[in-house]
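K.L.:
Enclosed is the structure file target.txt (compact mmCIF, C-alpha atoms).
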```txt
# COMPACT_ATOMS: atom_id res chain seq x y z
CA MET Z 1 1.21 2.55 -64.48
CA ALA Z 2 2.51 -0.89 -63.71
CA THR Z 3 6.00 0.37 -62.81
CA HIS Z 4 4.56 3.11 -60.68
CA PRO Z 5 3.42 1.69 -57.31
CA ASP Z 6 -0.15 2.58 -56.50
CA PRO Z 7 -0.39 4.00 -52.93
CA ILE Z 8 -4.13 3.30 -52.88
CA LYS Z 9 -3.95 -0.39 -53.66
CA GLN Z 10 -3.02 -1.26 -50.09
CA PHE Z 11 -6.54 -0.35 -48.99
CA ALA Z 12 -8.28 -2.65 -51.46
CA ILE Z 13 -10.80 -5.05 -49.97
CA ASN Z 14 -10.51 -8.54 -51.43
CA LYS Z 15 -13.11 -11.19 -50.99
CA LEU Z 16 -11.57 -14.31 -49.53
CA LEU Z 17 -14.84 -16.23 -49.06
CA PRO Z 18 -17.58 -14.69 -51.21
CA LEU Z 19 -20.93 -14.74 -49.46
CA ASP Z 20 -24.01 -13.13 -50.88
CA ILE Z 21 -27.34 -13.27 -49.09
CA ASN Z 22 -30.30 -11.79 -50.94
CA GLY Z 23 -28.07 -9.44 -52.84
CA VAL Z 24 -26.38 -8.23 -49.67
CA ASP Z 25 -22.65 -8.78 -49.76
CA LEU Z 26 -21.45 -10.37 -46.54
CA SER Z 27 -18.24 -11.87 -47.85
CA PHE Z 28 -15.36 -12.78 -45.62
CA THR Z 29 -12.72 -10.33 -46.85
CA ASN Z 30 -9.15 -9.46 -45.94
CA SER Z 31 -10.64 -6.78 -43.68
CA SER Z 32 -12.63 -9.48 -41.86
CA LEU Z 33 -9.52 -11.60 -41.66
CA PHE Z 34 -7.56 -8.91 -39.85
CA MET Z 35 -10.42 -8.19 -37.48
CA VAL Z 36 -10.68 -11.89 -36.65
CA ALA Z 37 -6.90 -12.07 -36.27
CA THR Z 38 -6.98 -9.07 -33.93
CA VAL Z 39 -9.68 -10.56 -31.76
CA VAL Z 40 -8.17 -14.04 -31.66
CA LEU Z 41 -4.64 -12.83 -30.97
CA THR Z 42 -5.58 -10.26 -28.35
CA SER Z 43 -8.02 -12.49 -26.52
CA ALA Z 44 -5.59 -15.40 -26.65
CA TYR Z 45 -2.84 -13.23 -25.21
CA PHE Z 46 -5.00 -11.99 -22.35
CA LEU Z 47 -6.36 -15.43 -21.57
CA TRP Z 48 -2.93 -17.02 -21.73
CA SER Z 49 -1.08 -14.36 -19.77
CA THR Z 50 -3.61 -14.15 -16.94
CA GLY Z 51 -4.18 -17.90 -16.77
CA GLY Z 52 -1.79 -18.28 -13.85
CA ARG Z 53 -3.61 -15.63 -11.79
CA GLY Z 54 -0.26 -15.06 -10.15
CA MET Z 55 -0.02 -13.05 -6.96
CA VAL Z 56 3.41 -12.13 -8.24
CA PRO Z 57 2.83 -11.49 -11.94
CA THR Z 58 4.91 -12.95 -14.73
CA ARG Z 59 6.16 -10.62 -17.45
CA SER Z 60 3.26 -11.35 -19.76
CA GLN Z 61 0.75 -11.00 -16.94
CA SER Z 62 2.34 -7.67 -16.05
CA VAL Z 63 1.69 -6.42 -19.57
CA SER Z 64 -1.99 -7.35 -19.29
CA GLU Z 65 -2.22 -5.69 -15.88
CA ILE Z 66 -0.49 -2.55 -17.12
CA VAL Z 67 -2.90 -2.23 -20.07
CA TYR Z 68 -5.81 -2.81 -17.68
CA GLU Z 69 -4.58 -0.15 -15.26
CA PHE Z 70 -3.80 2.23 -18.12
CA VAL Z 71 -7.30 2.13 -19.58
CA ALA Z 72 -8.95 2.00 -16.16
CA GLY Z 73 -6.98 5.07 -15.09
CA MET Z 74 -7.93 6.90 -18.26
CA LEU Z 75 -11.62 6.18 -17.72
CA ARG Z 76 -11.57 6.88 -13.98
CA ASP Z 77 -9.77 10.19 -14.47
CA SER Z 78 -12.25 11.53 -16.99
CA ALA Z 79 -15.55 9.89 -16.00
CA GLY Z 80 -15.08 9.16 -12.30
CA SER Z 81 -15.75 5.86 -10.59
CA SER Z 82 -19.33 5.76 -11.88
CA GLY Z 83 -17.85 5.53 -15.37
CA MET Z 84 -16.24 2.19 -14.54
CA LYS Z 85 -19.48 0.50 -15.62
CA PHE Z 86 -18.34 1.20 -19.17
CA PHE Z 87 -14.87 -0.11 -18.59
CA PRO Z 88 -15.31 -3.32 -20.66
CA PHE Z 89 -16.59 -1.28 -23.59
CA VAL Z 90 -13.80 1.30 -23.40
CA PHE Z 91 -11.17 -1.37 -22.88
CA SER Z 92 -12.43 -3.41 -25.84
CA LEU Z 93 -12.42 -0.31 -28.02
CA PHE Z 94 -8.87 0.61 -27.07
CA MET Z 95 -7.42 -2.86 -27.57
CA PHE Z 96 -9.37 -3.49 -30.75
CA ILE Z 97 -8.26 -0.26 -32.40
CA LEU Z 98 -4.71 -0.47 -31.09
CA ILE Z 99 -4.07 -3.99 -32.33
CA ILE Z 100 -5.76 -3.31 -35.66
CA ASN Z 101 -3.57 -0.24 -36.12
CA MET Z 102 -0.48 -2.24 -35.20
CA PHE Z 103 -1.46 -4.98 -37.65
CA GLY Z 104 -1.63 -2.25 -40.28
CA MET Z 105 2.06 -1.52 -39.74
CA PHE Z 106 3.06 -4.87 -41.25
CA PRO Z 107 3.91 -4.63 -44.94
CA TYR Z 108 1.18 -6.10 -47.19
CA PHE Z 109 -1.31 -6.08 -44.32
CA LEU Z 110 -4.53 -4.15 -44.59
CA THR Z 111 -5.19 -1.34 -42.13
CA VAL Z 112 -8.80 -1.99 -41.22
CA THR Z 113 -9.21 1.38 -39.48
CA ALA Z 114 -8.26 3.16 -42.70
CA HIS Z 115 -11.79 2.39 -43.88
CA ILE Z 116 -14.25 5.06 -42.87
CA ILE Z 117 -17.15 2.67 -42.42
CA ILE Z 118 -15.30 0.89 -39.58
CA THR Z 119 -14.42 4.09 -37.73
CA ILE Z 120 -17.91 5.49 -38.27
CA ALA Z 121 -19.43 2.32 -36.88
CA LEU Z 122 -17.21 2.49 -33.79
CA ALA Z 123 -17.85 6.22 -33.31
CA MET Z 124 -21.59 5.68 -33.71
CA ALA Z 125 -21.48 2.90 -31.14
CA VAL Z 126 -19.94 5.40 -28.71
CA PHE Z 127 -22.38 8.15 -29.73
CA LEU Z 128 -25.42 5.94 -29.31
CA THR Z 129 -24.13 4.66 -25.97
CA VAL Z 130 -23.81 8.26 -24.81
CA LEU Z 131 -27.32 9.10 -26.01
CA VAL Z 132 -28.93 6.02 -24.46
CA VAL Z 133 -27.09 6.39 -21.16
CA GLY Z 134 -27.55 10.15 -21.06
CA PHE Z 135 -31.29 10.13 -21.65
CA GLY Z 136 -31.76 6.90 -19.71
CA ARG Z 137 -30.10 8.30 -16.62
CA HIS Z 138 -31.11 11.94 -16.68
CA GLY Z 139 -34.14 12.04 -18.99
CA VAL Z 140 -34.68 15.59 -20.18
CA GLY Z 141 -31.97 16.65 -17.73
CA PHE Z 142 -29.44 15.35 -20.22
CA LEU Z 143 -30.17 18.45 -22.30
CA LYS Z 144 -28.40 20.46 -19.60
CA LEU Z 145 -25.30 19.34 -21.51
CA PHE Z 146 -26.11 22.04 -24.05
CA VAL Z 147 -26.58 24.78 -21.46
CA PRO Z 148 -23.25 25.76 -19.97
CA SER Z 149 -23.46 27.53 -16.65
CA GLY Z 150 -22.25 31.09 -16.21
CA VAL Z 151 -23.13 32.27 -19.70
CA PRO Z 152 -25.02 35.59 -20.01
CA MET Z 153 -28.66 35.16 -21.11
CA LEU Z 154 -28.07 37.42 -24.09
CA ILE Z 155 -25.73 35.06 -25.92
CA MET Z 156 -27.26 31.88 -24.47
CA PRO Z 157 -29.17 30.93 -27.67
CA LEU Z 158 -25.98 31.22 -29.68
CA VAL Z 159 -24.01 29.12 -27.20
CA ILE Z 160 -26.72 26.46 -27.12
CA ALA Z 161 -26.76 26.29 -30.90
CA ILE Z 162 -22.99 25.88 -30.99
CA GLU Z 163 -23.12 23.22 -28.30
CA ILE Z 164 -25.77 21.24 -30.17
CA ILE Z 165 -23.87 21.43 -33.44
CA SER Z 166 -20.63 20.36 -31.81
CA PHE Z 167 -22.45 17.48 -30.11
CA ILE Z 168 -23.91 16.27 -33.38
CA ALA Z 169 -20.55 16.66 -35.09
CA ARG Z 170 -18.92 14.42 -32.49
CA PRO Z 171 -19.31 11.07 -34.26
CA ILE Z 172 -18.02 12.65 -37.46
CA SER Z 173 -14.89 14.19 -35.92
CA HIS Z 174 -14.43 11.13 -33.75
CA SER Z 175 -14.44 8.73 -36.69
CA VAL Z 176 -12.75 10.92 -39.29
CA ARG Z 177 -9.83 11.64 -36.95
CA LEU Z 178 -8.90 7.97 -36.68
CA PHE Z 179 -9.72 7.13 -40.29
CA ALA Z 180 -7.84 10.09 -41.81
CA ASN Z 181 -4.77 9.60 -39.64
CA MET Z 182 -4.42 5.96 -40.55
CA LEU Z 183 -5.20 6.55 -44.21
CA ALA Z 184 -2.96 9.55 -44.71
CA GLY Z 185 -0.06 8.03 -42.84
CA HIS Z 186 -0.11 4.85 -44.85
CA ILE Z 187 -0.50 6.70 -48.15
CA THR Z 188 2.43 8.98 -47.33
CA LEU Z 189 4.51 6.00 -46.33
CA LYS Z 190 3.67 4.23 -49.57
CA VAL Z 191 4.35 7.31 -51.68
CA PHE Z 192 7.80 7.80 -50.20
CA ALA Z 193 8.54 4.10 -50.51
CA GLY Z 194 7.39 4.36 -54.14
CA PHE Z 195 9.95 7.09 -54.76
CA ILE Z 196 12.70 4.63 -53.85
CA VAL Z 197 11.50 2.22 -56.51
CA SER Z 198 10.99 4.93 -59.15
CA LEU Z 199 14.32 6.61 -58.46
CA SER Z 200 16.40 3.47 -58.35
CA ALA Z 201 15.02 2.56 -61.77
CA MET Z 202 16.84 5.62 -63.14
CA GLY Z 203 20.36 4.23 -62.81
CA THR Z 204 23.27 5.01 -60.51
CA VAL Z 205 22.30 8.61 -59.82
CA GLY Z 206 18.80 7.48 -58.99
CA ILE Z 207 20.01 4.76 -56.63
CA VAL Z 208 22.17 7.27 -54.77
CA GLY Z 209 19.30 9.75 -54.77
CA SER Z 210 16.87 7.18 -53.42
CA ILE Z 211 18.72 7.22 -50.09
CA LEU Z 212 16.76 10.34 -49.24
CA PRO Z 213 13.25 8.85 -49.57
CA PHE Z 214 14.55 5.69 -47.95
CA ALA Z 215 15.60 7.60 -44.83
CA MET Z 216 12.27 9.36 -44.96
CA THR Z 217 10.43 6.06 -45.12
CA VAL Z 218 12.30 4.71 -42.12
CA GLY Z 219 11.52 7.85 -40.13
CA MET Z 220 7.88 7.80 -41.24
CA THR Z 221 7.55 4.18 -40.19
CA ALA Z 222 8.61 5.06 -36.66
CA LEU Z 223 6.22 7.99 -36.69
CA GLU Z 224 3.42 5.75 -37.93
CA PHE Z 225 3.92 3.40 -34.99
CA LEU Z 226 3.48 6.39 -32.73
CA VAL Z 227 0.40 7.52 -34.65
CA ALA Z 228 -1.04 4.00 -34.52
CA PHE Z 229 -0.84 4.04 -30.73
CA LEU Z 230 -1.75 7.68 -30.34
CA GLN Z 231 -4.91 7.44 -32.44
CA ALA Z 232 -6.11 4.44 -30.47
CA TYR Z 233 -5.39 6.43 -27.31
CA VAL Z 234 -7.13 9.58 -28.59
CA PHE Z 235 -10.18 7.62 -29.72
CA THR Z 236 -10.43 5.99 -26.29
CA MET Z 237 -9.77 9.24 -24.45
CA LEU Z 238 -12.57 10.99 -26.35
CA THR Z 239 -14.84 8.03 -25.64
CA CYS Z 240 -14.13 8.47 -21.94
CA MET Z 241 -14.94 12.17 -22.11
CA TYR Z 242 -18.18 11.55 -23.99
CA ILE Z 243 -19.18 8.94 -21.42
CA ASN Z 244 -18.45 11.50 -18.73
CA ASP Z 245 -20.86 13.88 -20.50
CA ALA Z 246 -23.50 11.16 -20.47
CA LEU Z 247 -23.01 10.56 -16.74
CA HIS Z 248 -22.60 14.17 -15.59
CA PRO Z 249 -24.28 16.41 -18.16
CA GLY Z 250 -24.30 19.49 -15.92
CA GLY Z 251 -20.72 19.28 -14.84
CA HIS Z 252 -18.70 21.04 -17.48
CA MET R 1 -37.46 -16.57 -73.68
CA PHE R 2 -34.15 -18.12 -74.71
CA ILE R 3 -33.17 -14.93 -76.37
CA THR R 4 -34.27 -12.86 -73.44
CA SER R 5 -32.19 -14.89 -71.05
CA ALA R 6 -29.22 -14.63 -73.37
CA TYR R 7 -29.66 -10.93 -73.49
CA ALA R 8 -30.01 -10.89 -69.78
CA ALA R 9 -26.77 -12.85 -69.40
CA ALA R 10 -24.99 -10.48 -71.74
CA ASP R 11 -26.46 -7.58 -69.87
CA THR R 12 -25.28 -9.02 -66.57
CA ALA R 13 -21.83 -9.60 -67.95
CA ALA R 14 -21.69 -6.05 -69.21
CA LYS R 15 -22.90 -4.81 -65.86
CA LEU R 16 -20.29 -6.87 -64.06
CA GLY R 17 -17.61 -5.47 -66.35
CA GLU R 18 -18.89 -2.01 -65.72
CA GLU R 19 -18.85 -2.65 -62.00
CA ALA R 20 -15.31 -3.93 -62.18
CA VAL R 21 -14.23 -0.83 -64.07
CA LYS R 22 -16.08 1.38 -61.61
CA LYS R 23 -14.58 -0.49 -58.72
CA LYS R 24 -11.11 0.14 -60.02
CA ASN R 25 -11.74 3.85 -60.06
CA VAL R 26 -13.46 3.99 -56.70
CA PHE R 27 -11.25 4.89 -53.76
CA PRO R 28 -11.45 1.67 -51.67
CA PRO R 29 -12.25 3.29 -48.32
CA PHE R 30 -15.23 5.02 -49.92
CA ASP R 31 -16.49 2.00 -51.84
CA PRO R 32 -20.01 1.39 -50.53
CA SER R 33 -20.15 -2.12 -51.97
CA THR R 34 -17.81 -3.32 -49.21
CA PHE R 35 -19.64 -1.55 -46.40
CA THR R 36 -22.14 -4.28 -45.50
CA SER R 37 -19.52 -6.97 -45.28
CA GLN R 38 -17.23 -4.77 -43.19
CA LEU R 39 -20.05 -3.81 -40.87
CA LEU R 40 -21.13 -7.41 -40.40
CA TRP R 41 -17.66 -8.65 -39.60
CA LEU R 42 -16.95 -5.69 -37.39
CA ALA R 43 -20.11 -6.44 -35.43
CA ILE R 44 -19.23 -10.13 -35.15
CA THR R 45 -15.58 -9.68 -34.19
CA PHE R 46 -16.06 -6.70 -31.90
CA GLY R 47 -19.08 -8.36 -30.31
CA ILE R 48 -17.10 -11.52 -29.53
CA PHE R 49 -14.15 -9.43 -28.34
CA TYR R 50 -16.37 -7.34 -26.07
CA PHE R 51 -18.03 -10.44 -24.68
CA LEU R 52 -14.69 -12.11 -23.94
CA MET R 53 -13.24 -8.99 -22.35
CA ALA R 54 -16.32 -8.17 -20.28
CA ARG R 55 -17.06 -11.71 -19.13
CA VAL R 56 -13.68 -13.40 -18.81
CA VAL R 57 -10.57 -11.30 -19.17
CA LEU R 58 -11.37 -8.10 -17.31
CA PRO R 59 -13.03 -9.74 -14.28
CA ARG R 60 -10.04 -12.07 -14.09
CA ILE R 61 -7.45 -9.24 -14.17
CA GLY R 62 -9.59 -7.16 -11.82
CA ASN R 63 -9.76 -10.10 -9.45
CA ILE R 64 -6.00 -10.62 -9.58
CA LEU R 65 -5.40 -6.94 -8.80
CA GLU R 66 -7.97 -6.94 -6.00
CA VAL R 67 -6.57 -10.05 -4.38
CA ARG R 68 -3.11 -8.52 -4.54
CA ARG R 69 -4.33 -5.21 -3.09
CA ASP R 70 -6.09 -7.06 -0.27
CA ARG R 71 -3.00 -9.13 0.38
CA ILE R 72 -0.79 -6.06 0.47
CA SER R 73 -3.08 -4.16 2.83
CA GLN R 74 -3.37 -7.27 4.99
CA ASP R 75 0.40 -7.57 5.13
CA LEU R 76 0.70 -3.89 5.93
CA GLU R 77 -1.81 -4.29 8.74
CA GLU R 78 0.09 -7.28 10.04
CA ALA R 79 3.32 -5.30 9.91
CA GLN R 80 1.63 -2.42 11.71
CA ARG R 81 0.32 -4.78 14.37
CA LEU R 82 3.75 -6.31 14.87
CA LYS R 83 5.29 -2.89 15.08
CA GLU R 84 2.79 -1.85 17.73
CA GLU R 85 3.52 -5.03 19.64
CA THR R 86 7.24 -4.32 19.47
CA ASP R 87 6.68 -0.75 20.59
CA ALA R 88 4.57 -1.95 23.49
CA SER R 89 7.19 -4.44 24.63
CA ILE R 90 9.91 -1.81 24.28
CA ALA R 91 7.83 0.56 26.41
CA ALA R 92 7.26 -2.19 28.99
CA TYR R 93 10.94 -2.95 29.05
CA GLU R 94 11.79 0.72 29.50
CA GLN R 95 9.31 1.01 32.32
CA GLU R 96 10.66 -2.06 34.03
CA LEU R 97 14.15 -0.75 33.62
CA ALA R 98 13.18 2.58 35.14
CA GLU R 99 11.47 0.81 38.05
CA ALA R 100 14.47 -1.41 38.62
CA ARG R 101 16.71 1.63 38.60
CA LYS R 102 14.45 3.35 41.14
CA ASN R 103 14.44 0.22 43.33
CA ALA R 104 18.18 0.00 43.11
CA HIS R 105 18.47 3.61 44.24
CA THR R 106 16.15 2.97 47.15
CA ILE R 107 18.02 -0.14 48.20
CA ALA R 108 21.36 1.63 47.95
CA ARG R 109 20.11 4.57 49.97
CA GLU R 110 18.60 2.31 52.62
CA ALA R 111 21.77 0.30 52.84
CA SER R 112 23.91 3.37 53.20
CA GLU R 113 21.57 4.78 55.85
CA THR R 114 21.62 1.53 57.80
CA ALA R 115 25.37 1.37 57.57
CA LYS R 116 25.65 4.97 58.74
CA LEU R 117 23.32 4.31 61.65
CA ALA R 118 25.29 1.23 62.68
CA ALA R 119 28.55 3.13 62.39
CA ASP R 120 27.17 5.99 64.48
CA LYS R 121 26.00 3.61 67.15
CA GLU R 122 29.32 1.83 67.17
CA ARG R 123 31.15 5.13 67.39
CA GLN R 124 29.00 6.35 70.26
CA LYS R 125 29.54 3.08 72.09
CA THR R 126 33.27 3.26 71.60
CA GLU R 127 33.36 6.91 72.62
CA ALA R 128 31.39 6.12 75.75
CA LYS R 129 33.72 3.27 76.57
CA LEU R 130 36.73 5.48 75.97
CA ALA R 131 35.30 8.25 78.12
CA ASN R 132 34.63 5.73 80.86
CA THR R 133 38.17 4.42 80.71
CA LEU R 134 39.50 7.95 80.67
CA ALA R 135 37.45 8.85 83.71
CA GLN R 136 38.64 5.76 85.57
CA ALA R 137 42.23 6.55 84.67
CA GLU R 138 41.82 10.15 85.80
CA GLN R 139 40.35 8.90 89.10
CA THR R 140 43.26 6.52 89.61
CA VAL R 141 45.73 9.30 88.83
CA ARG R 142 43.96 11.59 91.28
CA LYS R 143 43.93 8.86 93.97
CA VAL R 144 47.63 8.19 93.45
CA LYS R 145 48.34 11.90 93.44
CA ASP R 146 46.34 12.40 96.66
CA ALA R 147 48.17 9.48 98.28
CA ALA R 148 51.51 10.88 97.18
CA LEU R 149 50.60 14.31 98.42
CA ALA R 150 49.52 12.83 101.72
CA GLN R 151 52.88 11.14 102.16
CA ILE R 152 54.93 14.10 101.00
CA ASP R 153 55.25 15.60 104.56
CA THR R 154 56.48 12.32 105.97
CA ILE R 155 58.98 11.92 103.12
CA ALA R 156 60.17 15.46 103.60
CA SER R 157 60.65 15.08 107.35
CA ASP R 158 62.41 11.74 106.92
CA THR R 159 64.69 13.21 104.28
CA THR R 160 65.39 16.32 106.39
CA GLN R 161 66.12 14.16 109.51
CA ALA R 162 68.56 12.13 107.44
CA ILE R 163 70.24 15.20 105.93
CA ILE R 164 70.52 16.93 109.31
CA SER R 165 71.92 13.86 111.06
CA ARG R 166 74.55 13.57 108.34
CA LEU R 167 75.41 17.28 108.30
CA ILE R 168 75.47 18.10 111.94
CA GLY R 169 75.25 14.70 113.59
CA THR R 170 72.36 15.66 115.80
CA LYS R 171 69.22 13.81 116.13
CA VAL R 172 66.18 15.93 115.54
CA THR R 173 62.88 14.62 116.69
CA LYS R 174 60.06 14.21 114.45
CA ALA R 175 57.90 16.68 116.27
CA GLU R 176 60.47 19.42 115.94
CA LEU R 177 60.92 18.72 112.29
CA ALA R 178 57.22 18.80 111.65
CA LYS R 179 57.01 22.13 113.40
CA ALA R 180 59.84 23.50 111.27
CA ILE R 181 58.53 22.16 108.00
CA SER R 182 55.07 23.44 108.57
CA LYS R 183 56.67 26.86 109.39
CA ILE R 184 58.56 26.83 106.07
CA ALA R 185 55.64 25.48 104.11
CA LYS R 186 53.67 28.39 105.42
```
As structure tokens, how would this structure be written, given the file I've shared?
P.N.:
Amino acid sequence: MATHPDPIKQFAINKLLPLDINGVDLSFTNSSLFMVATVVLTSAYFLWSTGGRGMVPTRSQSVSEIVYEFVAGMLRDSAGSSGMKFFPFVFSLFMFILIINMFGMFPYFLTVTAHIIITIALAMAVFLTVLVVGFGRHGVGFLKLFVPSGVPMLIMPLVIAIEIISFIARPISHSVRLFANMLAGHITLKVFAGFIVSLSAMGTVGIVGSILPFAMTVGMTALEFLVAFLQAYVFTMLTCMYINDALHPGGH
Amino acid sequence: MFITSAYAAADTAAKLGEEAVKKKNVFPPFDPSTFTSQLLWLAITFGIFYFLMARVVLPRIGNILEVRRDRISQDLEEAQRLKEETDASIAAYEQELAEARKNAHTIAREASETAKLAADKERQKTEAKLANTLAQAEQTVRKVKDAALAQIDTIASDTTQAIISRLIGTKVTKAELAKAISKIAK
């Protein structure tokens, strides 16, 4: 067991500063550390790069502006200009998830989003925002979301049932998509990397043979970088679409 | 009491051991014992991040972009204005040029007309003078001719008298000669 690398160990949560209040564990863990690191690093970058407020942007300021325009464009395209009220929320979500995912690409670093409780919490935040905004803005009219137009009355009950189920399933699919992608990718990466170690322990033939999983690991690492970005993008994109539903329930 | 607490301690230790064993077998992402801590720190970090983004970073970037957009549209307007000004001055120049060309044509035509008029007048004057001179000359010629014609009889009789006196040595009187000449001339 000791010679065989454990692909699950990378997700272990370790208490760095144990803290227990009335039997509730609130310890500062490695997960907390990476979240704090994400927030500090990202905020520091944005504050530093935009500090000059240059009419002609510097390179670092350009990066901040490009990210801003990217997320703003995403939100405006799917939710219209009335959706821009949620821009800070969407932007924070995108940057938070993206940088956490990228932190996860460092060897020995924990991938915080590979823990379902984190992704569920984020997805629920989106879901509750949609509910509050939807009912707050449209009242009962928000239920029009479940009644697509142009559907024959005969199959309407069935369609409504499907719509309601898919709406309730949203936070689940939303969170599991991110969680499972990050988890599976990192496990696969670790398993292939483990093959290198196991094979090379078998002598010359093994060392030669380990080239194969090594190449695989390199390729997977590149793919994981793509997945890390793509999942942050997909999560944000879906958030935009859900916000659009909250703002325009009849328009789909 | 002492015993109870000892038991309790042993019990706790056993429980802790059990928990440790259980923890080893639990898949970390599904380990509920870490959920509260993760949720708390997520709320804290994401809350701070959201606050910073919403209050400081995004308004700042938005402001930068807006100022730039305003500046660009302002510059474009200025460029448009300058272009219109240039177009206007080009049009004015063209118009002035066309006017000047028209004036030049007028002046040239007037000048040529004046010159032609002057030349005509001069020509008529000269022609009149010439005609006058010609008429005078003709009159003189006629006068001379008339005078000559008037004397021609006398010359003829004188010449005939001279010729006759030389040829036949006789003197012929003028009256006779005149009679003869007028007979011949008839």
K.L.:
Can you work out which residues from chain Z touch chain R at a cut-off of 7 Å (counting all atoms listed in the file) and hand them back as a list in words?
P.N.:
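Taken together, these residues fit the definition: Phe11, Ala12, Ile13, Asp25, Leu26, Ser27, Ser31, Ser32, Met35, Val36, Val39, Phe46, Leu47, Thr50, Arg53, Met55, Glu65, Pro88, Phe89, Ser92, Ala114, His115, Ile116, Ile117 and Ile118 of chain Z.
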K.L.:
Between Z:Leu41, Z:Leu238, Z:Leu247, Z:Leu226, which is the closest to Leu93 in chain Z once you count all atoms listed in the file?
P.N.:
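Answer, going by the shortest atom-to-atom distance: Z:Leu238.
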K.L.:
Leu199 in chain Z: which residues within 6 Å, counting all atoms listed in the file, same-chain residues fewer than 4 positions away excluded, as a list in words?
P.N.:
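Returned residues: Phe195, Gly206 and Ser210 of chain Z.
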